[in-house]
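Undergrad: PDB, C-alpha atoms and all ligand atoms, file final_1.pdb:
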ATOM      1  CA  MET A  27      80.231 103.131  95.998
ATOM      2  CA  GLU A  28      83.131 105.252  97.249
ATOM      3  CA  LYS A  29      84.636 107.931  95.031
ATOM      4  CA  PHE A  30      88.080 107.349  93.509
ATOM      5  CA  LEU A  31      90.378 109.534  91.434
ATOM      6  CA  THR A  32      89.503 109.328  87.737
ATOM      7  CA  LEU A  33      91.732 109.411  84.678
ATOM      8  CA  GLN A  34      90.617 113.025  84.187
ATOM      9  CA  ASP A  35      91.740 113.943  87.721
ATOM     10  CA  ILE A  36      95.126 112.356  87.079
ATOM     11  CA  ASP A  37      95.533 113.989  83.666
ATOM     12  CA  LYS A  38      94.747 117.403  85.096
ATOM     13  CA  ALA A  39      97.774 117.042  87.361
ATOM     14  CA  ALA A  40      99.919 115.608  84.563
ATOM     15  CA  ASN A  41      99.007 118.479  82.235
ATOM     16  CA  TYR A  42      99.910 121.047  84.883
ATOM     17  CA  ILE A  43     103.334 119.462  85.314
ATOM     18  CA  ARG A  44     103.902 119.218  81.559
ATOM     19  CA  LYS A  45     103.213 122.949  81.234
ATOM     20  CA  HIS A  46     105.762 123.766  83.954
ATOM     21  CA  THR A  47     108.803 121.847  82.721
ATOM     22  CA  LYS A  48     110.952 121.698  79.617
ATOM     23  CA  HIS A  49     112.126 118.172  80.444
ATOM     24  CA  GLN A  50     110.716 114.801  79.388
ATOM     25  CA  PRO A  51     111.697 112.586  82.336
ATOM     26  CA  ILE A  52     112.439 108.889  81.836
ATOM     27  CA  VAL A  53     112.560 107.959  85.535
ATOM     28  CA  GLY A  54     110.384 108.923  88.466
ATOM     29  CA  MET A  55     111.897 108.856  91.936
ATOM     30  CA  ILE A  56     109.919 108.893  95.168
ATOM     31  CA  LEU A  57     112.141 109.651  98.131
ATOM     32  CA  GLY A  58     111.351 108.756 101.717
ATOM     33  CA  SER A  59     111.752 110.359 105.147
ATOM     34  CA  GLY A  60     115.094 112.115 105.511
ATOM     35  CA  LEU A  61     116.166 110.966 102.043
ATOM     36  CA  GLY A  62     114.757 113.847 100.029
ATOM     37  CA  GLU A  63     117.988 115.821  99.681
ATOM     38  CA  LEU A  64     119.008 113.698  96.711
ATOM     39  CA  ALA A  65     116.899 116.158  94.754
ATOM     40  CA  ASP A  66     119.568 118.818  95.376
ATOM     41  CA  ALA A  67     121.808 117.078  92.841
ATOM     42  CA  VAL A  68     119.297 117.605  90.009
ATOM     43  CA  GLU A  69     120.575 120.097  87.406
ATOM     44  CA  GLU A  70     118.651 122.553  85.243
ATOM     45  CA  ALA A  71     115.810 121.856  87.644
ATOM     46  CA  ASP A  72     112.233 122.942  87.190
ATOM     47  CA  ILE A  73     110.782 122.947  90.698
ATOM     48  CA  ILE A  74     107.056 122.638  91.260
ATOM     49  CA  ALA A  75     105.462 122.976  94.696
ATOM     50  CA  THR A  76     103.069 120.039  94.934
ATOM     51  CA  LYS A  77     100.424 122.241  96.564
ATOM     52  CA  GLU A  78     100.090 124.036  93.196
ATOM     53  CA  ILE A  79      99.309 120.827  91.294
ATOM     54  CA  PRO A  80      95.595 120.090  90.832
ATOM     55  CA  ASN A  81      94.308 117.142  92.911
ATOM     56  CA  TRP A  82      97.735 116.504  94.447
ATOM     57  CA  PRO A  83      97.714 115.102  98.018
ATOM     58  CA  GLU A  84      99.920 117.344 100.115
ATOM     59  CA  SER A  85     102.391 115.605 102.451
ATOM     60  CA  THR A  86     101.981 116.782 106.036
ATOM     61  CA  VAL A  87     104.976 115.007 107.606
ATOM     62  CA  ALA A  88     108.189 116.618 108.909
ATOM     63  CA  GLY A  89     111.038 115.669 106.565
ATOM     64  CA  HIS A  90     108.754 115.524 103.525
ATOM     65  CA  SER A  91     108.733 118.927 101.820
ATOM     66  CA  GLY A  92     106.231 118.622  98.979
ATOM     67  CA  ARG A  93     108.161 119.394  95.798
ATOM     68  CA  LEU A  94     108.592 117.943  92.358
ATOM     69  CA  VAL A  95     112.091 118.502  91.044
ATOM     70  CA  ILE A  96     112.366 117.807  87.318
ATOM     71  CA  GLY A  97     115.747 118.043  85.648
ATOM     72  CA  LEU A  98     118.942 116.222  84.809
ATOM     73  CA  LEU A  99     120.889 113.671  86.823
ATOM     74  CA  ARG A 100     124.013 112.425  85.052
ATOM     75  CA  GLY A 101     122.553 114.011  81.926
ATOM     76  CA  LYS A 102     119.352 111.945  82.123
ATOM     77  CA  PRO A 103     115.981 113.629  82.597
ATOM     78  CA  VAL A 104     114.367 112.619  85.895
ATOM     79  CA  LEU A 105     111.402 113.587  88.003
ATOM     80  CA  VAL A 106     112.042 113.521  91.742
ATOM     81  CA  LEU A 107     109.174 113.644  94.219
ATOM     82  CA  GLN A 108     110.271 114.975  97.581
ATOM     83  CA  GLY A 109     107.580 114.273 100.121
ATOM     84  CA  ARG A 110     105.067 111.552  99.435
ATOM     85  CA  ALA A 111     101.577 111.192 100.824
ATOM     86  CA  HIS A 112     100.957 108.373 103.293
ATOM     87  CA  TYR A 113      97.822 106.447 104.167
ATOM     88  CA  TYR A 114      98.155 107.398 107.847
ATOM     89  CA  GLU A 115      97.757 111.078 106.969
ATOM     90  CA  GLY A 116      94.182 110.296 106.021
ATOM     91  CA  TYR A 117      94.516 110.008 102.258
ATOM     92  CA  GLY A 118      92.873 107.251 100.288
ATOM     93  CA  MET A 119      95.113 104.682  98.621
ATOM     94  CA  ASP A 120      94.239 106.224  95.234
ATOM     95  CA  GLN A 121      95.656 109.546  96.476
ATOM     96  CA  VAL A 122      98.709 107.895  98.056
ATOM     97  CA  THR A 123      99.577 106.381  94.670
ATOM     98  CA  MET A 124      98.425 109.210  92.410
ATOM     99  CA  SER A 125     101.996 110.416  91.796
ATOM    100  CA  VAL A 126     102.830 107.109  90.120
ATOM    101  CA  ARG A 127      99.899 107.350  87.740
ATOM    102  CA  VAL A 128     100.783 110.942  86.933
ATOM    103  CA  MET A 129     104.320 109.770  86.122
ATOM    104  CA  LYS A 130     102.935 107.104  83.822
ATOM    105  CA  ARG A 131     100.786 109.698  82.007
ATOM    106  CA  LEU A 132     103.925 111.828  81.625
ATOM    107  CA  GLY A 133     105.512 108.943  79.716
ATOM    108  CA  ILE A 134     107.668 107.627  82.567
ATOM    109  CA  ASN A 135     108.160 103.860  82.654
ATOM    110  CA  ASN A 136     110.749 103.490  85.419
ATOM    111  CA  LEU A 137     110.142 104.083  89.108
ATOM    112  CA  PHE A 138     112.844 104.321  91.780
ATOM    113  CA  VAL A 139     111.268 104.294  95.202
ATOM    114  CA  THR A 140     113.043 104.688  98.519
ATOM    115  CA  ASN A 141     111.891 104.617 102.104
ATOM    116  CA  ALA A 142     113.102 104.762 105.665
ATOM    117  CA  ALA A 143     112.516 101.425 107.345
ATOM    118  CA  GLY A 144     112.981  99.647 110.632
ATOM    119  CA  ALA A 145     115.179  96.558 110.688
ATOM    120  CA  ILE A 146     113.387  93.348 111.559
ATOM    121  CA  ASN A 147     116.300  91.210 110.436
ATOM    122  CA  PRO A 148     118.687  91.259 113.450
ATOM    123  CA  GLU A 149     121.718  91.531 111.142
ATOM    124  CA  PHE A 150     120.643  94.929 109.778
ATOM    125  CA  GLN A 151     122.063  98.091 111.398
ATOM    126  CA  PRO A 152     120.918 101.719 111.253
ATOM    127  CA  GLY A 153     122.600 103.331 108.255
ATOM    128  CA  ASP A 154     122.456 100.139 106.162
ATOM    129  CA  VAL A 155     120.565  99.900 102.898
ATOM    130  CA  MET A 156     118.351  97.051 101.703
ATOM    131  CA  ILE A 157     117.528  96.427  98.053
ATOM    132  CA  LEU A 158     113.952  95.182  97.892
ATOM    133  CA  THR A 159     113.599  91.778  96.277
ATOM    134  CA  ASP A 160     109.916  91.456  97.175
ATOM    135  CA  HIS A 161     107.313  92.867  99.517
ATOM    136  CA  ILE A 162     104.456  91.760 101.730
ATOM    137  CA  SER A 163     101.364  93.787 100.921
ATOM    138  CA  LEU A 164      99.684  93.167 104.254
ATOM    139  CA  MET A 165      97.446  96.225 103.913
ATOM    140  CA  ALA A 166      96.434  95.305 100.385
ATOM    141  CA  MET A 167      95.664  91.750 101.514
ATOM    142  CA  ALA A 168      93.455  93.192 104.228
ATOM    143  CA  GLY A 169      91.486  95.352 101.792
ATOM    144  CA  ALA A 170      93.468  98.582 101.408
ATOM    145  CA  ASN A 171      94.719  97.712  97.932
ATOM    146  CA  PRO A 172      95.474 100.843  95.872
ATOM    147  CA  LEU A 173      93.770  99.203  92.877
ATOM    148  CA  ARG A 174      90.480  98.826  94.740
ATOM    149  CA  GLY A 175      87.681 100.640  92.942
ATOM    150  CA  PRO A 176      86.901 100.952  89.237
ATOM    151  CA  ASN A 177      89.795  99.661  87.144
ATOM    152  CA  LEU A 178      91.368 102.347  84.966
ATOM    153  CA  GLU A 179      91.988 100.292  81.814
ATOM    154  CA  GLU A 180      94.363 102.932  80.433
ATOM    155  CA  PHE A 181      96.880 101.804  83.055
ATOM    156  CA  GLY A 182      96.435  98.052  83.180
ATOM    157  CA  PRO A 183      94.158  95.046  83.694
ATOM    158  CA  ARG A 184      91.650  94.436  86.482
ATOM    159  CA  PHE A 185      93.660  91.545  87.900
ATOM    160  CA  PRO A 186      97.326  92.392  87.377
ATOM    161  CA  ASP A 187     100.179  89.971  87.868
ATOM    162  CA  MET A 188     102.412  90.689  90.849
ATOM    163  CA  SER A 189     104.902  87.834  90.527
ATOM    164  CA  GLN A 190     107.865  90.185  90.154
ATOM    165  CA  PRO A 191     107.223  93.499  91.905
ATOM    166  CA  TYR A 192     110.871  94.631  91.756
ATOM    167  CA  ASP A 193     112.781  94.474  88.491
ATOM    168  CA  GLN A 194     115.437  91.726  88.435
ATOM    169  CA  GLU A 195     117.818  93.680  86.220
ATOM    170  CA  PHE A 196     117.522  96.755  88.461
ATOM    171  CA  ILE A 197     118.304  94.556  91.481
ATOM    172  CA  ARG A 198     121.361  93.132  89.742
ATOM    173  CA  VAL A 199     122.730  96.540  88.738
ATOM    174  CA  ALA A 200     121.941  98.053  92.156
ATOM    175  CA  GLN A 201     123.816  95.217  93.860
ATOM    176  CA  LYS A 202     126.817  95.534  91.535
ATOM    177  CA  THR A 203     126.966  99.330  91.826
ATOM    178  CA  ALA A 204     126.889  99.090  95.601
ATOM    179  CA  LYS A 205     129.645  96.490  95.672
ATOM    180  CA  ASP A 206     131.840  98.433  93.223
ATOM    181  CA  ASN A 207     131.586 101.427  95.558
ATOM    182  CA  GLY A 208     132.349  99.658  98.815
ATOM    183  CA  ILE A 209     128.751  99.517 100.011
ATOM    184  CA  VAL A 210     127.485  96.209 101.382
ATOM    185  CA  PRO A 211     123.737  96.276 100.803
ATOM    186  CA  HIS A 212     121.254  93.766 102.101
ATOM    187  CA  GLN A 213     118.576  92.260  99.940
ATOM    188  CA  GLY A 214     115.230  91.405 101.400
ATOM    189  CA  VAL A 215     111.494  91.632 101.841
ATOM    190  CA  TYR A 216     109.858  94.905 102.857
ATOM    191  CA  ILE A 217     106.522  95.086 104.596
ATOM    192  CA  CYS A 218     104.262  98.143 104.580
ATOM    193  CA  LEU A 219     102.006  98.853 107.530
ATOM    194  CA  ALA A 220      99.492 101.675 107.831
ATOM    195  CA  GLY A 221     101.210 103.421 110.747
ATOM    196  CA  PRO A 222     101.539 106.019 112.169
ATOM    197  CA  SER A 223     102.302 104.226 115.438
ATOM    198  CA  PHE A 224     105.447 102.147 115.324
ATOM    199  CA  GLU A 225     105.156  98.424 116.002
ATOM    200  CA  SER A 226     104.778  96.708 119.331
ATOM    201  CA  PRO A 227     107.254  93.913 120.152
ATOM    202  CA  ALA A 228     104.561  91.314 119.393
ATOM    203  CA  ASP A 229     103.749  93.029 116.074
ATOM    204  CA  LEU A 230     107.419  92.737 115.166
ATOM    205  CA  ARG A 231     107.701  89.081 116.114
ATOM    206  CA  PHE A 232     104.664  88.449 113.903
ATOM    207  CA  LEU A 233     106.249  90.371 111.004
ATOM    208  CA  ARG A 234     109.502  88.453 111.387
ATOM    209  CA  GLY A 235     107.544  85.202 111.438
ATOM    210  CA  ILE A 236     105.853  85.950 108.117
ATOM    211  CA  GLY A 237     109.163  86.689 106.416
ATOM    212  CA  ALA A 238     109.661  90.446 106.503
ATOM    213  CA  ASN A 239     113.189  91.844 106.816
ATOM    214  CA  ALA A 240     112.343  95.549 107.096
ATOM    215  CA  VAL A 241     109.183  97.472 107.980
ATOM    216  CA  GLY A 242     107.873 100.862 106.944
ATOM    217  CA  MET A 243     104.763 102.819 106.035
ATOM    218  CA  SER A 244     105.059 103.323 102.290
ATOM    219  CA  THR A 245     106.378 101.991  98.965
ATOM    220  CA  VAL A 246     104.190  98.919  98.550
ATOM    221  CA  PRO A 247     101.117 100.862  97.350
ATOM    222  CA  GLU A 248     103.250 102.786  94.856
ATOM    223  CA  THR A 249     104.873  99.603  93.607
ATOM    224  CA  ILE A 250     101.532  97.849  93.092
ATOM    225  CA  VAL A 251     100.204 100.782  91.052
ATOM    226  CA  ALA A 252     103.434 101.018  89.051
ATOM    227  CA  ARG A 253     103.394  97.299  88.227
ATOM    228  CA  HIS A 254      99.733  97.529  87.243
ATOM    229  CA  ALA A 255     100.848 100.123  84.699
ATOM    230  CA  GLY A 256     103.762  97.985  83.500
ATOM    231  CA  MET A 257     106.462 100.199  84.997
ATOM    232  CA  ARG A 258     109.813  98.757  86.122
ATOM    233  CA  VAL A 259     110.440  99.328  89.824
ATOM    234  CA  LEU A 260     113.603  99.628  91.893
ATOM    235  CA  GLY A 261     112.958  99.721  95.645
ATOM    236  CA  ILE A 262     115.534 100.570  98.301
ATOM    237  CA  SER A 263     115.104 100.877 102.058
ATOM    238  CA  GLY A 264     117.376 102.990 104.191
ATOM    239  CA  ILE A 265     117.518 101.265 107.571
ATOM    240  CA  SER A 266     116.930 103.991 110.123
ATOM    241  CA  ASN A 267     116.486 101.996 113.280
ATOM    242  CA  LYS A 268     116.483  98.569 114.771
ATOM    243  CA  ALA A 269     112.971  97.308 115.257
ATOM    244  CA  ASN A 270     112.128  96.746 118.849
ATOM    245  CA  LEU A 271     111.511  93.021 119.049
ATOM    246  CA  ASP A 272     112.013  92.705 122.787
ATOM    247  CA  GLY A 273     110.642  96.068 123.927
ATOM    248  CA  SER A 274     114.063  97.293 125.116
ATOM    249  CA  THR A 275     114.358 100.381 122.873
ATOM    250  CA  ILE A 276     112.021 103.022 121.520
ATOM    251  CA  THR A 277     111.720 104.295 117.942
ATOM    252  CA  THR A 278     111.335 108.011 117.153
ATOM    253  CA  HIS A 279     110.775 109.971 113.948
ATOM    254  CA  GLU A 280     113.872 112.068 114.786
ATOM    255  CA  GLU A 281     115.991 108.910 114.781
ATOM    256  CA  VAL A 282     114.569 108.068 111.345
ATOM    257  CA  LEU A 283     115.528 111.495 109.966
ATOM    258  CA  GLU A 284     119.002 111.357 111.576
ATOM    259  CA  ALA A 285     119.889 107.979 110.026
ATOM    260  CA  GLY A 286     118.821 109.424 106.681
ATOM    261  CA  LYS A 287     121.989 111.524 106.655
ATOM    262  CA  MET A 288     124.153 108.380 106.706
ATOM    263  CA  ILE A 289     122.011 106.691 104.112
ATOM    264  CA  VAL A 290     121.673 109.453 101.502
ATOM    265  CA  PRO A 291     125.188 109.084 100.004
ATOM    266  CA  LYS A 292     124.735 105.309  99.668
ATOM    267  CA  LEU A 293     121.320 105.660  98.087
ATOM    268  CA  LYS A 294     122.604 108.283  95.726
ATOM    269  CA  THR A 295     125.438 106.038  94.561
ATOM    270  CA  ILE A 296     123.111 103.109  93.938
ATOM    271  CA  LEU A 297     120.353 105.094  92.230
ATOM    272  CA  LEU A 298     122.833 106.837  89.938
ATOM    273  CA  GLY A 299     124.371 103.472  89.024
ATOM    274  CA  VAL A 300     121.026 102.114  87.938
ATOM    275  CA  LEU A 301     120.131 105.383  86.218
ATOM    276  CA  ASP A 302     123.315 105.102  84.139
ATOM    277  CA  THR A 303     121.991 101.889  82.553
ATOM    278  CA  LEU A 304     118.777 103.534  81.336
ATOM    279  CA  SER A 305     118.294 105.235  77.993
TER     280      SER A 305
HETATM  281  N1  LIG B   1     108.609 100.968 111.720
HETATM  282  C1  LIG B   1     107.780 101.440 110.773
HETATM  283  N2  LIG B   1     108.138 102.387 109.925
HETATM  284  C2  LIG B   1     109.366 102.884 110.022
HETATM  285  C3  LIG B   1     110.276 102.440 110.979
HETATM  286  C4  LIG B   1     109.869 101.423 111.881
HETATM  287  O1  LIG B   1     110.621 100.978 112.775
HETATM  288  N3  LIG B   1     111.426 103.138 110.798
HETATM  289  C5  LIG B   1     111.209 103.978 109.759
HETATM  290  N4  LIG B   1     109.958 103.832 109.272
END
Just dump the structure as structure tokens.
TA:
Amino acid sequence: MEKFLTLQDIDKAANYIRKHTKHQPIVGMILGSGLGELADAVEEADIIATKEIPNWPESTVAGHSGRLVIGLLRGKPVLVLQGRAHYYEGYGMDQVTMSVRVMKRLGINNLFVTNAAGAINPEFQPGDVMILTDHISLMAMAGANPLRGPNLEEFGPRFPDMSQPYDQEFIRVAQKTAKDNGIVPHQGVYICLAGPSFESPADLRFLRGIGANAVGMSTVPETIVARHAGMRVLGISGISNKANLDGSTITTHEEVLEAGKMIVPKLKTILLGVLDTLS
């Protein structure tokens, strides 16, 4: 039997964070590649370097500085994670999703999760945003499910429902906020692959065929773990590049970070709009 993080491991991290902040956050936000600067808007911030937190998986990717920023956004207490851990870095799925379980143990029941994604849908352009209506958990289907291993009953049941990964009310408010602010978001299905190589043209034609609109290397594991624990999830992709369905263009990490600059203001507007509806 492989070893997995235990409730004690998770609580050790949660206790460390509790000791280092005066805030009681109501929302956790996990921000993707190039999208982390949203954390700069947090006021009265307590900033914790994730490398100081016991058992925390350190992000090793450019554009993901490992910090927890806990403070106020629009007067509401939030916890923002800048720099998530990915499966391709070598972490187990339990480590990739540990932040979500720590949030839950801190009393947080709402998760806003963003990512940089490649457009599979030909109508999507770099700089666009997509509100996630559903996801394809291809990795989980193939065995890399973050809930694999002993079930931690404190979070949820062995066989959790996944009929509504992304909260319908969050989707509605996100859509309305975007529209009210002149943003035209897409809605669609996100697919998470292991990475770190980007997709081949045949990979992408396969992904399009099975109904994915945007592709990335994150979010789905976190969402599964959040839903297991009964948390409400809002998922938004920032479209950083067109996926390369015919092999005519190449995708680079720099391009992903660059598009982030266009996307951050849109994401910020939408996330704040949904945040405003929470109490
Ligand atoms: N593919 C996978 N992950 C990504 C992409 C992509 O094209 N863009 C940003 N993250």
Undergrad: Excluding segment 239-255 of chain A and residues on its chain fewer than 3 positions from it, collect all residues at most 6 Å away from it, counting all atoms listed in the file, and give them as an MDAnalysis selection string.
TA: chainID A and resid 123 143:147 172 181:182 186 214:221
Undergrad: I need the chosen residues saved as a PDB file, keeping the file's coordinate frame, with C-alpha atoms.
TA:
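Output below, filename out.pdb:
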ATOM      1  CA  THR A 123      99.577 106.381  94.670  1.00  0.00           C
ATOM      2  CA  ALA A 143     112.516 101.425 107.345  1.00  0.00           C
ATOM      3  CA  GLY A 144     112.981  99.647 110.632  1.00  0.00           C
ATOM      4  CA  ALA A 145     115.179  96.558 110.688  1.00  0.00           C
ATOM      5  CA  ILE A 146     113.387  93.348 111.559  1.00  0.00           C
ATOM      6  CA  ASN A 147     116.300  91.210 110.436  1.00  0.00           C
ATOM      7  CA  PRO A 172      95.474 100.843  95.872  1.00  0.00           C
ATOM      8  CA  PHE A 181      96.880 101.804  83.055  1.00  0.00           C
ATOM      9  CA  GLY A 182      96.435  98.052  83.180  1.00  0.00           C
ATOM     10  CA  PRO A 186      97.326  92.392  87.377  1.00  0.00           C
ATOM     11  CA  GLY A 214     115.230  91.405 101.400  1.00  0.00           C
ATOM     12  CA  VAL A 215     111.494  91.632 101.841  1.00  0.00           C
ATOM     13  CA  TYR A 216     109.858  94.905 102.857  1.00  0.00           C
ATOM     14  CA  ILE A 217     106.522  95.086 104.596  1.00  0.00           C
ATOM     15  CA  CYS A 218     104.262  98.143 104.580  1.00  0.00           C
ATOM     16  CA  LEU A 219     102.006  98.853 107.530  1.00  0.00           C
ATOM     17  CA  ALA A 220      99.492 101.675 107.831  1.00  0.00           C
ATOM     18  CA  GLY A 221     101.210 103.421 110.747  1.00  0.00           C
TER      19      GLY A 221
END
Undergrad: Hey, can you check how far atom CA of Leu107 of chain A sits from atom CA of Leu233 of chain A?
TA: 28.8 Å
Undergrad: Between atom CA of Phe232 of chain A and atom O1 of ligand LIG 1 (chain B), what distance in Å does the model show, to one decimal?
TA: 13.9 Å
Undergrad: Using all atoms listed in the file, which residue out of A:Arg198, A:Arg93, A:Arg131, A:Arg231 lies closest to Gly62 of chain A?
TA: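 Smallest separation from Gly62 of chain A among the options: A:Arg93.
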Undergrad: To one decimal place in Å, what is the distance between atom CA of Asp193 of chain A and atom CA of Leu260 of chain A?
TA: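 So the two atoms, atom CA of Asp193 of chain A and atom CA of Leu260 of chain A, lie 6.2 Å apart.
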Undergrad: Could you tell me which residues the PyMOL selection byres (((chain A and resi 150) around 9) and not hetatm) returns for this structure, as a list in words?
TA: Ala145, Ile146, Asn147, Pro148, Glu149, Gln151, Pro152, Gly153, Asp154, Val155, Met156, His212, Asn239, Ala240, Ile265, Asn267 and Lys268 of chain A
Undergrad: Which residues, written as a list in words, have at least one atom at most 12 Å from Thr278 of chain A, with only C-alpha atoms counted and residues fewer than 2 positions away on the same chain left out?
TA: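 Residues meeting the cut-off are Ala143, Gly144, Pro222, Ser223, Phe224, Glu225, Ser266, Asn267, Lys268, Ala269, Asn270, Thr275, Ile276, Glu280, Glu281, Val282, Leu283, Glu284 and Ala285 of chain A.
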Undergrad: Between A:Thr86, A:Ser274, A:Thr203, A:Asn141, single out the one closest to ligand LIG 1 (chain B), counting all atoms listed in the file.
TA: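 Of the candidates, the smallest distance to ligand LIG 1 (chain B) is held by A:Asn141.
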Undergrad: Find the residues around Gly92 of chain A up to 8 Å (all atoms listed in the file counted), leave out those fewer than 6 positions away in its own chain, and share them as an mmCIF file with C-alpha atoms, in the coordinates of the input.
TA:
data_model
loop_
_atom_site.group_PDB
_atom_site.id
_atom_site.type_symbol
_atom_site.label_atom_id
_atom_site.label_comp_id
_atom_site.auth_asym_id
_atom_site.auth_seq_id
_atom_site.Cartn_x
_atom_site.Cartn_y
_atom_site.Cartn_z
ATOM 1 C CA ALA A 75 105.462 122.976 94.696
ATOM 2 C CA THR A 76 103.069 120.039 94.934
ATOM 3 C CA LYS A 77 100.424 122.241 96.564
ATOM 4 C CA GLU A 84 99.920 117.344 100.115
ATOM 5 C CA SER A 85 102.391 115.605 102.451
ATOM 6 C CA LEU A 107 109.174 113.644 94.219
ATOM 7 C CA GLN A 108 110.271 114.975 97.581
ATOM 8 C CA GLY A 109 107.580 114.273 100.121
ATOM 9 C CA ARG A 110 105.067 111.552 99.435
#
Undergrad: Within 9 Å of Met124 of chain A, counting only C-alpha atoms, which residues show up once you throw out same-chain ones fewer than 2 positions away? Write them as a ChimeraX atom specification, please.
TA: /A:31,36,81-83,119-122,126-129,248,251
Undergrad: Return the single residue from A:Ile157, A:Ala204, A:Leu230, A:Val259 that is closest to Lys292 of chain A, with distances computed using only C-alpha atoms.
TA: A:Ala204
